[in-house]
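Below is one structure, written out as structure tokens; the observations come after it.
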Amino acid sequence: MILEFVTAAMTKAKYRLIKNGDQPYYGEIAPCRGVWATGRTREACRRELQEVLDGWIALRLRRGLAIPVIAGKTVRPLTRMSVGGKT
């Protein structure tokens, strides 16, 4: 569930060359407000962006905040009933 969402979200990532200092690449995932990163290379920026996305998902789940649907994928908090069907 989470991996599918992360994969879908990463396909929405947009990168720009900002030529600013030692981390000239900027990336963001617009549907996931506040998820952005910079990096020395595009690949480094992509890796950092995925780490930021992972933390963003964890924080939103912890706080009970909604996570958008991207390409039909989302992440919902686990409930007692969703873990093995037992209460």
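If you're wondering about the labels, chains in the structure tokens are A, B, ... by order shown, residues count from 1 in each chain, ligands from 1 in order shown.
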
Selection: 9 Å around Tyr25 in chain A, only C-alpha atoms, excl. self and same-chain fewer than 4 positions, as a PyMOL selection string:
chain A and resi 15-20+37-42+44-45

Would you mind exporting C-alpha atoms of the selected residues as a tab-separated table (two decimals), in the first residue's frame?
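And here is the file that came out, out.tsv:
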chain	number	residue	atom	x	y	z
A	15	TYR	CA	12.72	18.70	-11.23
A	16	ARG	CA	14.38	21.99	-12.08
A	17	LEU	CA	17.95	23.13	-12.37
A	18	ILE	CA	18.13	26.20	-10.14
A	19	LYS	CA	21.91	26.79	-10.35
A	20	ASN	CA	22.10	27.89	-6.75
A	37	ALA	CA	14.14	18.62	-1.91
A	38	THR	CA	17.41	19.79	-3.41
A	39	GLY	CA	20.51	17.90	-4.46
A	40	ARG	CA	23.93	18.10	-6.06
A	41	THR	CA	22.69	15.91	-8.95
A	42	ARG	CA	19.22	15.08	-10.24
A	44	ALA	CA	20.64	12.87	-5.43
A	45	CYS	CA	17.65	15.21	-5.49

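Note that DSSP on the backbone gives strand (DSSP E) to these residues of range 8-41 of chain A: A:Lys14, A:Tyr15, A:Arg16, A:Leu17, A:Tyr25, A:Tyr26, A:Gly27, A:Glu28, A:Trp36, A:Ala37, A:Thr38, A:Gly39.
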
What's the 10 Å shell around range 67-77 of chain A, counting only C-alpha atoms, without same-chain residues fewer than 4 positions away, as a list in words?
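Listed by chain and then number, they are Met1, Ile2, Leu3, Glu4, Phe5, Val6, Thr7, Ala8, Ala9, Met10, Thr11, Lys12, Pro31, Cys32, Arg33, Trp56, Ile57, Ala58, Arg60, Leu61, Arg62 and Ser82 of chain A.
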
Could you pull out all residues of chain A with a DSSP call of alpha helix (DSSP H) and give them as JSON, numbers by chain?
{"A": [2, 3, 4, 5, 6, 7, 8, 9, 10, 11, 42, 43, 44, 45, 46, 47, 48, 49, 50, 51, 52, 53, 54, 55, 56, 57, 58, 59, 60, 61, 62, 63]}

Save out the residues we just selected, C-alpha atoms, as a short mmCIF file (atom, residue, chain, number, x, y, z; two decimals), in the first residue's frame.
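Below is the file out_37.cif, written as the result:
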data_model
loop_
_atom_site.label_atom_id
_atom_site.label_comp_id
_atom_site.auth_asym_id
_atom_site.auth_seq_id
_atom_site.Cartn_x
_atom_site.Cartn_y
_atom_site.Cartn_z
CA ILE A 2 2.66 2.57 1.00
CA LEU A 3 5.16 1.44 -1.64
CA GLU A 4 2.51 1.70 -4.35
CA PHE A 5 1.64 5.23 -3.23
CA VAL A 6 5.31 6.29 -3.08
CA THR A 7 5.89 4.88 -6.57
CA ALA A 8 2.84 6.73 -7.93
CA ALA A 9 3.81 9.97 -6.18
CA MET A 10 7.38 9.84 -7.48
CA THR A 11 6.02 9.73 -11.05
CA ARG A 42 19.22 15.08 -10.24
CA GLU A 43 19.56 11.55 -8.85
CA ALA A 44 20.64 12.87 -5.43
CA CYS A 45 17.65 15.21 -5.49
CA ARG A 46 15.35 12.29 -6.38
CA ARG A 47 16.66 10.20 -3.48
CA GLU A 48 16.25 13.08 -1.04
CA LEU A 49 12.76 13.79 -2.39
CA GLN A 50 11.75 10.18 -1.74
CA GLU A 51 13.07 10.39 1.84
CA VAL A 52 11.12 13.61 2.38
CA LEU A 53 8.00 11.91 0.97
CA ASP A 54 8.44 8.95 3.36
CA GLY A 55 8.66 11.32 6.34
CA TRP A 56 5.71 13.35 5.07
CA ILE A 57 3.55 10.21 4.88
CA ALA A 58 4.56 9.13 8.40
CA LEU A 59 3.81 12.56 9.85
CA ARG A 60 0.42 12.79 8.17
CA LEU A 61 -0.54 9.30 9.36
CA ARG A 62 0.59 10.12 12.90
CA ARG A 63 -1.49 13.30 12.93
#
